[in-house]
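Have a look at the structure below before the remarks.
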Amino acid sequence: MAKVNFDIPLDFLQASTPPMIGVDISSSSVKMVELSEVPKKAGYIVERYAIEPLPKDAVTDGNINNLDAVSETLQRAWKRLGGRIKNVSVALPAAAVITKKILLPAGLREEDLEYQVESEANQYIPFALDEVNLDFQVIGPAPGNPEEIEVLLAASRKANVEDRVAAAQSAGLKAVVVDVEPYAAETAFEQIRLQLPDGAEDKCVALIDIGASVMNVNVLRNGQSVYSRDQQVGGNQLTQQIQGMFGLSVEEAESAKRNGGLPDNYESDVLAPFRENVVMEIARALQFFFTSTQYNEVDYIVLAGGCAVLPGLDDAVATRTQVSTMVANPFALMALSSRIKPRQLQADAPSLIVACGLAMRRFDPS
Ligand SMILES: Nc1ncnc2c1ncn2[C@@H]1O[C@H](COP(=O)(O)OP(=O)(O)OP(=O)(O)O)[C@@H](O)[C@H]1O
Ligand SMILES: [Mg+2]
């Protein structure tokens, strides 16, 4: 599982990671999760979480367009969260990050490794190195060659990192970790893997995150991504169709979608065709996976993102693909604080994968 941490001003030299909350700034909302650890590492406790909607277009394609709006939403979310921790871990969208696996000689000293990484990075990164935040992680021995190691490089333009750090800062929070969304999702996925038979060892699991604007398909094997692809499908389309069909505002349509109360023909005229379209996109995405990799089946499908809870979607996906399908809940094996409403968490859990993975960074052994 990959883990990066872009170089940001940190109060480093601390023996352990400071307490922090995971903060996912996505296109539809800001999501915060605070976890604690059961003593002796027996597991996690969900202490608090909050989801606060963002105004339209404040964040698009992972870019912060309206810093004030994001910062105000962060403030509201933090108030609603009701905790005290002000250190946060945030993530950049995959599109804002260039990653590359490189091979380096094994046995380099730390300084030499850093130097080598920087000189290699020059070849792969289309910006001047002083314009980018660079991070790397040693993955392990290179497959089939004990004299080399595999190193994951991650680079992002400074502006991308700085926007998130600045938004947190003007909300009175402090970004101490900047991760990458798919890596955070992979961290949380470890909790989901434990819920699958035999931990899904040597199996392909398609983690399909259907958010507001994008559907990301990430196929994982033993916790490592073997394929990833974005498709432009998401819950906004359904919201727009509800608006058009029933003459509602965005807010009304969003609320009706979650809480019900739409006319009887909603199910047959709006929800069913949308669901059918999503199922078709998933089938297509899997087809792309099969044709572009050595694999020709997936063993499990895990639905995540806010749209995962759409009524009947999991069954429709299972029927169409003939693959065992579940809705993601990264908190299923965790204990819940008495503040948490279990049913509400169950409904919100699929959209909290990234925030959960970011919250888990608090317990990194470092
Ligand atoms: N209970 C629900 N029923 C139906 N749709 C829901 C429900 N809860 C959330 N959604 C929809 O899920 C979408 C938000 O999901 P999510 O929070 O995963 O998106 P996001 O991460 O902000 O978006 P993106 O990843 O595209 O940037 C919205 O379209 C919302 O209407
Ligand atoms: Mg998302």
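Note on naming: chains are A, B, ... as they come in the structure tokens, residues start from 1 per chain, ligands start from 1 in the order shown.
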Legend entry - Test item: residues no farther than 9 Å from ligand 1, counting only C-alpha atoms and all ligand atoms, as an MDAnalysis selection string: chainID A and resid 24:31 51 53:54 59:62 93 209:216 232:239 253:260 304:311 347:348 350:354
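Atom CA of A:Ala283 to atom CA of A:Asn63 spans 28.9 Å [interatomic distance, one decimal].
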Inset, instruction - Would you mind telling me which residue in A:Ala185, A:Leu358, A:Ala175, A:Leu108 lies nearest to ligand 2 when using only C-alpha atoms and all ligand atoms? - result: A:Ala185
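In this comparison, which uses only C-alpha atoms, the residue of A:Ile125, A:Val23, A:Val151, A:Val323 approaching A:Val90 most closely is A:Val23.
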Could you list, as a JSON list (two decimals) with C-alpha atoms, in the first residue's frame, every residue within 9 Å of A:Phe331, counting only C-alpha atoms and ignoring same-chain residues fewer than 6 positions away?
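Generated output (part-v3.json):
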```json
[["chain", "number", "residue", "atom", "x", "y", "z"],
["A", 44, "TYR", "CA", -10.07, 1.46, 15.99],
["A", 45, "ILE", "CA", -12.88, 3.53, 17.47],
["A", 46, "VAL", "CA", -14.90, 5.94, 15.36],
["A", 188, "ALA", "CA", -9.12, 2.41, 4.29],
["A", 191, "GLN", "CA", -10.46, -2.51, 6.67],
["A", 192, "ILE", "CA", -12.78, -3.69, 3.91],
["A", 345, "LEU", "CA", -22.93, 6.00, 9.81],
["A", 346, "GLN", "CA", -23.89, 2.92, 7.81],
["A", 349, "ALA", "CA", -19.79, 5.15, 5.35],
["A", 356, "CYS", "CA", -11.31, 7.29, 6.89]]
```
Inset, instruction - Write out as a list in words the residues lying within 12 Å of stretch 263-265 of chain A, counting only C-alpha atoms and excluding same-chain residues fewer than 5 positions away. - result: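 Those residues are Ile242, Met245, Phe246, Gly247, Ala256, Lys257, Val270, Leu271, Ala272 and Pro273 of chain A.
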What would the file look like if the residues just selected were written as a PDB file, in the first residue's frame with N, CA and C atoms?
```
ATOM      1  N   ILE A 242     -33.634  14.801 -11.360  1.00  0.00           N
ATOM      2  CA  ILE A 242     -34.716  15.007 -10.378  1.00  0.00           C
ATOM      3  C   ILE A 242     -35.203  16.455 -10.452  1.00  0.00           C
ATOM      4  N   MET A 245     -37.260  16.922 -13.732  1.00  0.00           N
ATOM      5  CA  MET A 245     -38.511  16.159 -13.755  1.00  0.00           C
ATOM      6  C   MET A 245     -39.549  16.732 -12.805  1.00  0.00           C
ATOM      7  N   PHE A 246     -39.077  17.174 -11.620  1.00  0.00           N
ATOM      8  CA  PHE A 246     -40.052  17.572 -10.603  1.00  0.00           C
ATOM      9  C   PHE A 246     -39.995  19.064 -10.267  1.00  0.00           C
ATOM     10  N   GLY A 247     -39.224  19.828 -11.061  1.00  0.00           N
ATOM     11  CA  GLY A 247     -39.152  21.272 -10.852  1.00  0.00           C
ATOM     12  C   GLY A 247     -38.613  21.671  -9.484  1.00  0.00           C
ATOM     13  N   ALA A 256     -34.241  15.313  -1.370  1.00  0.00           N
ATOM     14  CA  ALA A 256     -35.258  14.309  -1.711  1.00  0.00           C
ATOM     15  C   ALA A 256     -34.615  12.975  -2.072  1.00  0.00           C
ATOM     16  N   LYS A 257     -33.469  13.079  -2.753  1.00  0.00           N
ATOM     17  CA  LYS A 257     -32.753  11.883  -3.160  1.00  0.00           C
ATOM     18  C   LYS A 257     -32.361  11.035  -1.943  1.00  0.00           C
ATOM     19  N   VAL A 270     -36.999   7.867 -13.230  1.00  0.00           N
ATOM     20  CA  VAL A 270     -35.728   8.571 -13.026  1.00  0.00           C
ATOM     21  C   VAL A 270     -34.665   7.649 -12.420  1.00  0.00           C
ATOM     22  N   LEU A 271     -34.973   7.050 -11.270  1.00  0.00           N
ATOM     23  CA  LEU A 271     -33.963   6.243 -10.585  1.00  0.00           C
ATOM     24  C   LEU A 271     -33.550   5.013 -11.403  1.00  0.00           C
ATOM     25  N   ALA A 272     -34.540   4.275 -11.924  1.00  0.00           N
ATOM     26  CA  ALA A 272     -34.208   3.024 -12.632  1.00  0.00           C
ATOM     27  C   ALA A 272     -33.313   3.267 -13.850  1.00  0.00           C
ATOM     28  N   PRO A 273     -33.643   4.258 -14.711  1.00  0.00           N
ATOM     29  CA  PRO A 273     -32.754   4.479 -15.861  1.00  0.00           C
ATOM     30  C   PRO A 273     -31.339   4.936 -15.441  1.00  0.00           C
TER      31      PRO A 273
END
```
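Straight-line separation from atom CA of A:Gly107 to atom CA of A:Gln137: 14.6 Å.
When DSSP is run on the backbone, the residues of stretch 194-230 of chain A that fall into strand (DSSP E or B) are Cys204, Val205, Ala206, Leu207, Ile208, Asp209, Ile210, Met215, Asn216, Val217, Asn218, Val219, Leu220, Arg221, Gln224, Ser225, Val226, Tyr227, Ser228, Arg229 and Asp230 of chain A.
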Dump as a short mmCIF file (atom, residue, chain, number, x, y, z; two decimals), in the first residue's frame, selection limited to N, CA and C atoms:
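again33.cif written:
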```cif
data_model
loop_
_atom_site.label_atom_id
_atom_site.label_comp_id
_atom_site.auth_asym_id
_atom_site.auth_seq_id
_atom_site.Cartn_x
_atom_site.Cartn_y
_atom_site.Cartn_z
N CYS A 204 -8.78 -10.39 -7.08
CA CYS A 204 -8.94 -9.03 -7.60
C CYS A 204 -10.24 -8.43 -7.05
N VAL A 205 -10.10 -7.30 -6.42
CA VAL A 205 -11.27 -6.63 -5.87
C VAL A 205 -11.42 -5.28 -6.58
N ALA A 206 -12.58 -5.06 -7.19
CA ALA A 206 -12.81 -3.76 -7.85
C ALA A 206 -13.49 -2.84 -6.85
N LEU A 207 -12.77 -1.81 -6.46
CA LEU A 207 -13.32 -0.79 -5.58
C LEU A 207 -13.86 0.31 -6.48
N ILE A 208 -15.17 0.46 -6.51
CA ILE A 208 -15.78 1.40 -7.45
C ILE A 208 -16.41 2.54 -6.66
N ASP A 209 -15.79 3.71 -6.76
CA ASP A 209 -16.23 4.88 -6.00
C ASP A 209 -17.06 5.76 -6.91
N ILE A 210 -18.36 5.85 -6.61
CA ILE A 210 -19.25 6.66 -7.44
C ILE A 210 -19.64 7.89 -6.62
N MET A 215 -16.82 8.67 -11.40
CA MET A 215 -16.77 7.29 -10.92
C MET A 215 -15.34 6.79 -11.11
N ASN A 216 -14.70 6.38 -10.02
CA ASN A 216 -13.35 5.84 -10.13
C ASN A 216 -13.38 4.33 -9.90
N VAL A 217 -12.78 3.62 -10.83
CA VAL A 217 -12.68 2.17 -10.70
C VAL A 217 -11.23 1.85 -10.37
N ASN A 218 -11.01 1.23 -9.24
CA ASN A 218 -9.65 0.89 -8.82
C ASN A 218 -9.64 -0.61 -8.49
N VAL A 219 -8.87 -1.36 -9.26
CA VAL A 219 -8.83 -2.80 -8.99
C VAL A 219 -7.60 -3.09 -8.13
N LEU A 220 -7.83 -3.75 -7.02
CA LEU A 220 -6.76 -4.01 -6.06
C LEU A 220 -6.52 -5.50 -5.92
N ARG A 221 -5.26 -5.83 -5.76
CA ARG A 221 -4.90 -7.22 -5.50
C ARG A 221 -3.92 -7.20 -4.34
N GLN A 224 -2.72 -3.80 -3.29
CA GLN A 224 -2.02 -2.95 -4.26
C GLN A 224 -2.92 -2.70 -5.47
N SER A 225 -2.88 -1.46 -5.95
CA SER A 225 -3.69 -1.15 -7.12
C SER A 225 -3.07 -1.78 -8.37
N VAL A 226 -3.88 -2.50 -9.15
CA VAL A 226 -3.36 -3.03 -10.41
C VAL A 226 -3.98 -2.31 -11.62
N TYR A 227 -4.97 -1.47 -11.36
CA TYR A 227 -5.65 -0.77 -12.46
C TYR A 227 -6.50 0.35 -11.88
N SER A 228 -6.51 1.49 -12.55
CA SER A 228 -7.37 2.57 -12.08
C SER A 228 -7.85 3.40 -13.26
N ARG A 229 -9.08 3.81 -13.20
CA ARG A 229 -9.64 4.58 -14.31
C ARG A 229 -10.82 5.41 -13.82
N ASP A 230 -10.91 6.62 -14.33
CA ASP A 230 -12.04 7.49 -13.98
C ASP A 230 -13.04 7.53 -15.12
#
```
